[in-house]
>>> print(open('protein12.cif').read())   # mmCIF, C-alpha atoms
data_coords
loop_
_atom_site.label_atom_id
_atom_site.label_comp_id
_atom_site.auth_asym_id
_atom_site.auth_seq_id
_atom_site.Cartn_x
_atom_site.Cartn_y
_atom_site.Cartn_z
CA MET A 1 0.00 0.00 0.00
CA ASN A 2 1.43 3.36 -1.00
CA LEU A 3 0.15 6.37 0.88
CA SER A 4 0.51 9.97 -0.16
CA ASP A 5 1.81 12.60 2.26
CA THR A 6 -1.69 14.02 2.67
CA GLU A 7 -3.13 10.59 3.48
CA ILE A 8 -0.50 9.93 6.13
CA LYS A 9 -1.22 13.33 7.62
CA ARG A 10 -4.97 12.66 7.70
CA TYR A 11 -4.44 9.33 9.41
CA LEU A 12 -2.12 10.84 11.97
CA GLN A 13 -4.55 13.68 12.66
CA LEU A 14 -7.04 11.14 13.93
CA THR A 15 -4.82 10.39 16.90
CA GLU A 16 -4.03 13.96 17.87
CA PRO A 17 -4.71 14.36 21.61
CA THR A 18 -7.53 16.78 22.32
CA THR A 19 -6.59 17.40 25.94
CA GLU A 20 -4.41 20.38 26.82
CA SER A 21 -1.01 19.89 28.37
CA PRO A 22 -1.03 20.13 32.18
CA ASP A 23 0.63 23.00 34.03
CA LEU A 24 3.81 21.54 35.45
CA GLU A 25 5.47 24.77 36.54
CA ALA A 26 4.88 24.35 40.26
CA VAL A 27 5.98 20.71 40.30
CA ILE A 28 9.14 21.40 38.31
CA MET A 29 10.08 24.37 40.51
CA ARG A 30 9.54 22.24 43.63
CA ARG A 31 11.81 19.56 42.21
CA ILE A 32 14.48 22.14 41.33
CA GLU A 33 14.36 23.55 44.87
CA ALA A 34 14.58 20.06 46.37
CA HIS A 35 17.52 19.33 44.11
CA GLN A 36 19.29 22.49 45.28
CA VAL A 37 18.75 21.66 48.95
CA GLN A 38 20.16 18.20 48.32
CA GLN A 39 23.16 19.66 46.52
CA GLN A 40 23.76 22.14 49.33
CA ALA A 41 23.73 19.35 51.90
CA ARG A 42 26.17 17.38 49.75
CA GLU A 43 28.41 20.42 49.39
CA HIS A 44 28.39 21.00 53.17
CA SER A 45 29.43 17.48 54.00
CA PHE A 46 32.07 17.51 51.29
CA ARG A 47 33.54 20.77 52.62
CA ILE A 48 33.67 19.38 56.12
CA ILE A 49 35.43 16.25 54.87
CA VAL A 50 38.01 18.33 52.95
CA LEU A 51 38.63 20.58 55.95
CA LEU A 52 39.01 17.62 58.28
CA ALA A 53 41.42 16.02 55.83
CA ILE A 54 43.53 19.19 55.67
CA ILE A 55 43.56 19.58 59.44
CA SER A 56 44.47 15.93 59.96
CA MET A 57 47.26 16.27 57.42
CA LEU A 58 48.63 19.30 59.25
CA CYS A 59 48.42 17.48 62.57
CA LEU A 60 50.34 14.55 61.12
CA LEU A 61 53.00 16.88 59.73
CA LEU A 62 53.26 18.63 63.07
CA LEU A 63 53.59 15.30 64.83
CA PHE A 64 56.22 14.14 62.36
CA PHE A 65 58.43 17.24 62.43
CA TYR A 66 57.76 18.72 65.84
CA SER A 67 57.02 15.73 68.01
CA ASP A 68 59.54 16.92 70.61
CA VAL A 69 58.00 20.39 70.83
CA LEU A 70 54.49 18.96 70.95
CA LEU A 71 55.42 16.51 73.65
CA ALA A 72 57.02 19.36 75.56
CA SER A 73 53.92 21.52 75.19
CA PHE A 74 51.61 18.66 76.29
CA SER A 75 53.77 18.05 79.32
CA ALA A 76 53.73 21.81 79.87
CA ILE A 77 49.93 21.74 79.98
CA LEU A 78 50.04 18.94 82.47
CA SER A 79 52.61 20.66 84.63
CA LEU A 80 50.94 24.05 84.00
CA ASN A 81 54.10 25.61 82.65
CA LEU A 82 52.66 28.91 81.42
CA SER A 83 55.55 29.82 79.14
CA ASN A 84 54.56 26.98 76.75
CA TYR A 85 50.94 28.13 76.52
CA THR A 86 52.10 30.64 73.90
CA LEU A 87 52.80 27.77 71.54
CA ILE A 88 49.36 26.25 72.08
CA ILE A 89 47.60 29.58 71.55
CA ALA A 90 49.66 30.21 68.41
CA ALA A 91 48.68 26.77 67.08
CA PHE A 92 44.98 27.52 67.72
CA MET A 93 45.28 30.87 65.97
CA VAL A 94 46.93 29.26 62.96
CA GLY A 95 44.12 26.66 62.91
CA ILE A 96 41.43 29.36 62.99
CA PHE A 97 43.26 31.37 60.32
CA LEU A 98 43.43 28.27 58.09
CA PHE A 99 39.74 27.55 58.58
CA ILE A 100 38.75 31.15 57.78
CA SER A 101 40.92 31.29 54.67
CA ILE A 102 40.19 27.82 53.24
CA ASP A 103 36.43 27.67 53.84
CA PRO A 104 35.46 30.54 51.48
CA ILE A 105 37.69 29.07 48.79
CA LEU A 106 35.96 25.72 49.12
CA LYS A 107 32.61 27.47 49.20
CA SER A 108 33.21 29.33 45.95
CA LEU A 109 34.60 26.18 44.36
CA PHE A 110 31.38 24.32 45.06
CA ARG A 111 28.94 27.15 44.45
CA ARG A 112 28.68 26.25 40.76
CA ARG A 113 27.93 22.66 41.67
CA VAL A 114 25.24 23.75 44.08
CA GLN A 115 23.38 25.84 41.54
CA HIS A 116 23.67 23.58 38.55
CA GLY A 117 24.37 20.10 39.79
CA MET B 1 13.74 40.48 28.77
CA SER B 2 15.55 38.19 26.32
CA GLU B 3 16.23 34.48 26.83
CA SER B 4 19.95 35.02 27.39
CA GLU B 5 19.18 37.55 30.14
CA HIS B 6 16.94 35.01 31.84
CA ILE B 7 19.71 32.44 31.57
CA LYS B 8 22.23 34.88 33.06
CA ARG B 9 19.88 35.47 35.98
CA VAL B 10 19.47 31.74 36.58
CA LEU B 11 23.23 31.23 36.42
CA ALA B 12 23.71 34.08 38.89
CA GLY B 13 21.59 32.15 41.39
CA ASP B 14 18.08 33.45 40.70
CA THR B 15 16.28 30.11 40.40
CA ASP B 16 12.93 31.85 39.99
CA ALA B 17 14.05 33.17 36.60
CA PHE B 18 13.84 29.58 35.33
CA ARG B 19 10.04 29.82 35.51
CA TYR B 20 10.14 31.77 32.26
CA PHE B 21 11.51 28.73 30.41
CA ILE B 22 9.01 26.37 31.99
CA GLN B 23 6.10 28.65 31.09
CA THR B 24 7.34 29.14 27.53
CA TYR B 25 8.32 25.60 26.61
CA GLN B 26 6.39 23.16 28.78
CA SER B 27 3.47 22.84 26.40
CA TYR B 28 5.44 21.70 23.37
CA ALA B 29 7.81 19.66 25.55
CA TYR B 30 4.75 17.77 26.82
CA THR B 31 3.41 17.22 23.30
CA LEU B 32 6.81 15.94 22.22
CA ALA B 33 7.09 13.58 25.19
CA LEU B 34 3.54 12.34 24.65
CA ARG B 35 4.32 11.55 21.02
CA ILE B 36 7.05 9.19 22.20
CA VAL B 37 5.71 7.63 25.40
CA ARG B 38 1.98 7.76 24.47
CA GLN B 39 0.90 7.92 28.13
CA PRO B 40 -0.02 11.28 29.72
CA GLU B 41 1.29 10.46 33.22
CA MET B 42 4.58 9.26 31.85
CA ALA B 43 4.85 12.27 29.55
CA GLU B 44 4.47 14.52 32.60
CA GLU B 45 7.32 12.69 34.34
CA VAL B 46 9.48 12.97 31.24
CA VAL B 47 8.89 16.72 31.01
CA GLN B 48 9.73 17.23 34.70
CA ASP B 49 12.94 15.24 34.41
CA ALA B 50 13.93 17.00 31.21
CA PHE B 51 13.50 20.47 32.74
CA LEU B 52 15.49 19.41 35.79
CA LYS B 53 18.27 18.12 33.54
CA ALA B 54 18.20 21.33 31.51
CA PHE B 55 18.49 23.36 34.72
CA ARG B 56 21.38 21.30 36.00
CA GLY B 57 23.27 21.54 32.74
CA LEU B 58 22.44 25.16 31.97
CA ARG B 59 26.07 26.22 32.32
CA GLN B 60 26.99 24.08 29.32
CA PHE B 61 24.29 25.66 27.16
CA ASN B 62 25.51 27.90 24.35
CA GLN B 63 23.65 31.11 25.13
CA ASP B 64 23.66 32.29 21.51
CA ALA B 65 21.31 29.45 20.57
CA LYS B 66 17.61 29.27 21.35
CA PHE B 67 16.72 27.50 24.57
CA SER B 68 14.37 25.18 22.68
CA THR B 69 17.31 23.75 20.68
CA TRP B 70 18.79 22.72 24.02
CA LEU B 71 15.61 21.54 25.72
CA TYR B 72 13.79 19.53 23.03
CA PRO B 73 16.62 17.04 22.37
CA ILE B 74 16.80 16.53 26.16
CA VAL B 75 13.06 15.79 26.20
CA THR B 76 13.46 13.40 23.25
CA ARG B 77 16.35 11.52 24.85
CA GLN B 78 14.59 11.39 28.20
CA ALA B 79 11.39 10.03 26.65
CA LEU B 80 13.24 7.43 24.59
CA SER B 81 15.12 6.27 27.66
CA TYR B 82 11.77 5.97 29.53
CA VAL B 83 10.41 3.81 26.73
CA ARG B 84 13.52 1.61 26.94
CA LYS B 85 13.54 1.38 30.73
CA LYS B 86 9.83 0.86 31.27
CA LYS B 87 9.58 -1.41 28.25
CA LEU B 88 6.49 0.26 26.85
CA PRO B 89 4.60 -1.96 24.42
CA THR B 90 5.97 -2.10 20.90
CA THR B 91 5.35 -5.22 18.87
CA THR B 92 6.87 -6.72 15.77
CA LEU B 93 5.32 -6.49 12.33
CA GLU B 94 4.25 -10.15 12.45
CA THR B 95 2.30 -9.71 15.66
CA ALA B 96 0.74 -6.60 14.32
CA TYR B 97 -0.46 -8.35 11.20
CA ALA B 98 -2.02 -11.11 13.29
CA VAL B 99 -3.99 -8.55 15.26
CA SER B 100 -5.10 -6.65 12.20
CA ASP B 101 -6.30 -9.82 10.44
CA THR B 102 -8.55 -10.73 13.36
CA ALA B 103 -9.93 -7.27 13.45
CA ALA B 104 -10.50 -7.27 9.69
CA SER B 105 -13.70 -9.32 10.00
CA ALA B 106 -15.52 -6.41 11.61
CA ALA B 107 -14.10 -3.94 9.18
CA GLN B 108 -17.30 -2.68 7.62
CA GLN B 109 -18.67 -1.16 10.81
CA LEU B 110 -15.80 1.04 11.74
CA GLU B 111 -16.67 4.24 13.50
CA LYS B 112 -14.46 7.28 13.70
CA THR B 113 -13.43 6.45 17.27
CA GLU B 114 -12.55 2.93 16.30
CA GLN B 115 -10.49 4.22 13.43
CA ARG B 116 -8.71 6.48 15.82
CA GLN B 117 -8.00 3.55 18.13
CA LEU B 118 -6.63 1.51 15.25
CA ILE B 119 -4.31 4.24 14.08
CA GLU B 120 -3.27 4.64 17.69
CA GLU B 121 -2.47 0.91 17.76
CA VAL B 122 -0.46 1.22 14.58
CA LEU B 123 1.55 4.06 16.08
CA GLN B 124 1.99 2.14 19.31
CA ARG B 125 3.50 -0.73 17.36
CA MET B 126 6.01 1.44 15.57
CA LYS B 127 9.46 2.05 16.97
CA PRO B 128 9.43 5.21 19.15
CA LYS B 129 12.04 7.06 17.08
CA GLU B 130 10.26 6.30 13.80
CA ARG B 131 6.89 7.27 15.27
CA LEU B 132 8.28 10.56 16.52
CA VAL B 133 9.91 11.49 13.23
CA LEU B 134 6.78 10.54 11.28
CA GLN B 135 4.58 12.72 13.47
CA LEU B 136 6.93 15.67 13.46
CA PHE B 137 7.33 15.57 9.70
CA TYR B 138 3.79 14.84 8.57
CA LEU B 139 1.60 16.05 11.37
CA GLU B 140 3.49 19.11 12.53
CA GLU B 141 4.86 19.75 9.04
CA GLN B 142 8.37 20.33 10.33
CA SER B 143 11.22 20.32 7.83
CA ILE B 144 14.03 17.75 8.04
CA GLN B 145 16.24 20.45 9.56
CA GLU B 146 13.62 21.31 12.18
CA VAL B 147 13.18 17.64 13.04
CA GLU B 148 16.96 17.47 13.50
CA THR B 149 16.87 20.43 15.87
CA ILE B 150 13.99 19.07 17.91
CA THR B 151 15.25 15.51 18.23
CA GLY B 152 18.99 16.04 18.21
CA PHE B 153 19.33 13.29 15.55
CA SER B 154 21.66 13.80 12.60
CA SER B 155 20.25 14.77 9.20
CA SER B 156 20.98 11.37 7.62
CA ASN B 157 19.50 9.62 10.63
CA VAL B 158 16.29 11.65 10.33
CA LYS B 159 16.00 10.77 6.63
CA VAL B 160 16.56 7.07 7.26
CA LEU B 161 14.11 7.06 10.17
CA LEU B 162 11.51 8.87 8.09
CA HIS B 163 11.83 6.39 5.25
CA ARG B 164 11.53 3.43 7.61
CA ALA B 165 8.66 5.06 9.52
CA ARG B 166 6.69 5.61 6.35
CA LYS B 167 7.28 2.03 5.28
CA SER B 168 6.26 0.48 8.59
CA PHE B 169 3.24 2.78 8.88
CA GLU B 170 2.03 1.62 5.47
CA GLN B 171 2.71 -2.01 6.34
CA LEU B 172 1.05 -1.86 9.71
CA LEU B 173 -2.00 0.04 8.58
CA PRO B 174 -4.72 -2.55 8.20
CA ASN B 175 -6.06 -2.79 4.66
CA TYR B 176 -9.66 -2.46 5.70
CA LEU B 177 -8.95 0.77 7.46
CA TYR B 178 -7.22 2.10 4.42
CA GLN B 179 -10.26 1.27 2.31
CA ASN B 180 -12.86 2.55 4.74
CA LEU B 181 -11.33 5.65 6.10
CA MET B 182 -12.96 8.69 4.69
CA LEU B 183 -10.18 10.88 3.42
#
>>> encode(input="protein12.cif", output="structure tokens")
Amino acid sequence: MNLSDTEIKRYLQLTEPTTESPDLEAVIMRRIEAHQVQQQAREHSFRIIVLLAIISMLCLLLLFFYSDVLLASFSAILSLNLSNYTLIIAAFMVGIFLFISIDPILKSLFRRRVQHG
Amino acid sequence: MSESEHIKRVLAGDTDAFRYFIQTYQSYAYTLALRIVRQPEMAEEVVQDAFLKAFRGLRQFNQDAKFSTWLYPIVTRQALSYVRKKKLPTTTLETAYAVSDTAASAAQQLEKTEQRQLIEEVLQRMKPKERLVLQLFYLEEQSIQEVETITGFSSSNVKVLLHRARKSFEQLLPNYLYQNLML
């Protein structure tokens, strides 16, 4: 059977749906928002993991190179030798400085992922 | 506000600006999905997933092009993958002939609705890609180039699919329907 273009069109017209397409805007927007929340949660946990990894690496390096000093400062805490507190406070300050400087970098690195998966 | 400005707003973090694209393109995206999956509920799912994918990949979109050239191939791919995954009914030519022969006995009394159902069956039995190309070309009167843009298929692929679609449509169309349908 050979059909002309018009015949094929007429046949196909018979099956054209008469119902209008549903409004999916609200559902799609809800799904996009849910997706973003999920991505944000993922980004948060990833940032925490990276920060913990960096801090652990620094701790290991400190232990490796300055084990004597660290042992001395720990024993200083125990014996309440105040002169060694300076070292501990300095270490805390360096830790806080690292956190403050690395976190925004990680944040901006993952911002693109958060918005667009 | 132009499409590229809306895209810039979305990329800058204004998710709400994406509503513009949903409002503008959801209707045709749904029609396109329905042409492939043939089930309204599934077409809705396809459209939702396609828009979500488009949103997630918006950064890769070439902003000089129209958004529809980015979205419609996503809808097509999504719908085809749904058909594959959910194994929607498509039968071979042999099975189709068997069905049409049985139905041929009652051929004389065909009503318009029955004719519609039969054509629907014929389309259901065609391969999804062929069905889509056939409908876009004949029903929507899109050119080969437009079909390429909508589906994301290559030009040669569209031509081959169209040729095959036409052939299988003619083969699957029951003879009695061909004779009785008032054209």
>>> atom_distance(input="protein12.cif", atom1="CA of Asp5 in chain A", atom2="CA of Ala29 in chain B")
25.1 Å
>>> interface_residues(input="protein12.cif", of="chain B", to="chain A", cutoff="9 Å", atoms="all atoms listed in the file", output="ChimeraX atom specification")
/B:10-13,15-16,18-19,22-23,26-28,30-31,40,44,47-49,51-53,55-59,112-113,115-117,119-120,123,134-135,138-141,166-167,169-171,173,175,178,181,183
>>> atom_distance(input="protein12.cif", atom1="CA of Gln63 in chain B", atom2="CA of Ser108 in chain A")
23.0 Å
>>> resolve_selection(input="protein12.cif", expression="the PyMOL selection byres ((chain B and resi 152) around 12)", output="ChimeraX atom specification")
/B:68-78,129,133,144-151,153-158
>>> residues_around(input="protein12.cif", residues="Glu3 in chain B", least_positions_apart="5", cutoff="12 Å", atoms="all atoms listed in the file", output="VMD selection string")
chain B and resid 8 to 10 17 to 21 24 to 25 61 to 68
>>> closest_residue(input="protein12.cif", among="A:Pro104, A:Phe92, A:Arg30, A:Ala41", to="Cys59 in chain A", atoms="all atoms listed in the file")
A:Phe92
>>> atom_distance(input="protein12.cif", atom1="CA of Tyr66 in chain A", atom2="CA of Leu52 in chain A")
20.2 Å
>>> axis_aligned_box(input="protein12.cif", around="range 71-90 of chain B", padding_each_side="3 Å", output="AutoDock Vina command-line options")
--center_x 10.7 --center_y 9.7 --center_z 26.1 --size_x 18.2 --size_y 29.6 --size_z 16.4
>>> resolve_selection(input="protein12.cif", expression="the PyMOL selection byres ((chain A and resi 103) around 12)", output="PyMOL selection string")
chain A and resi 43-44+46-52+54+95-102+104-110
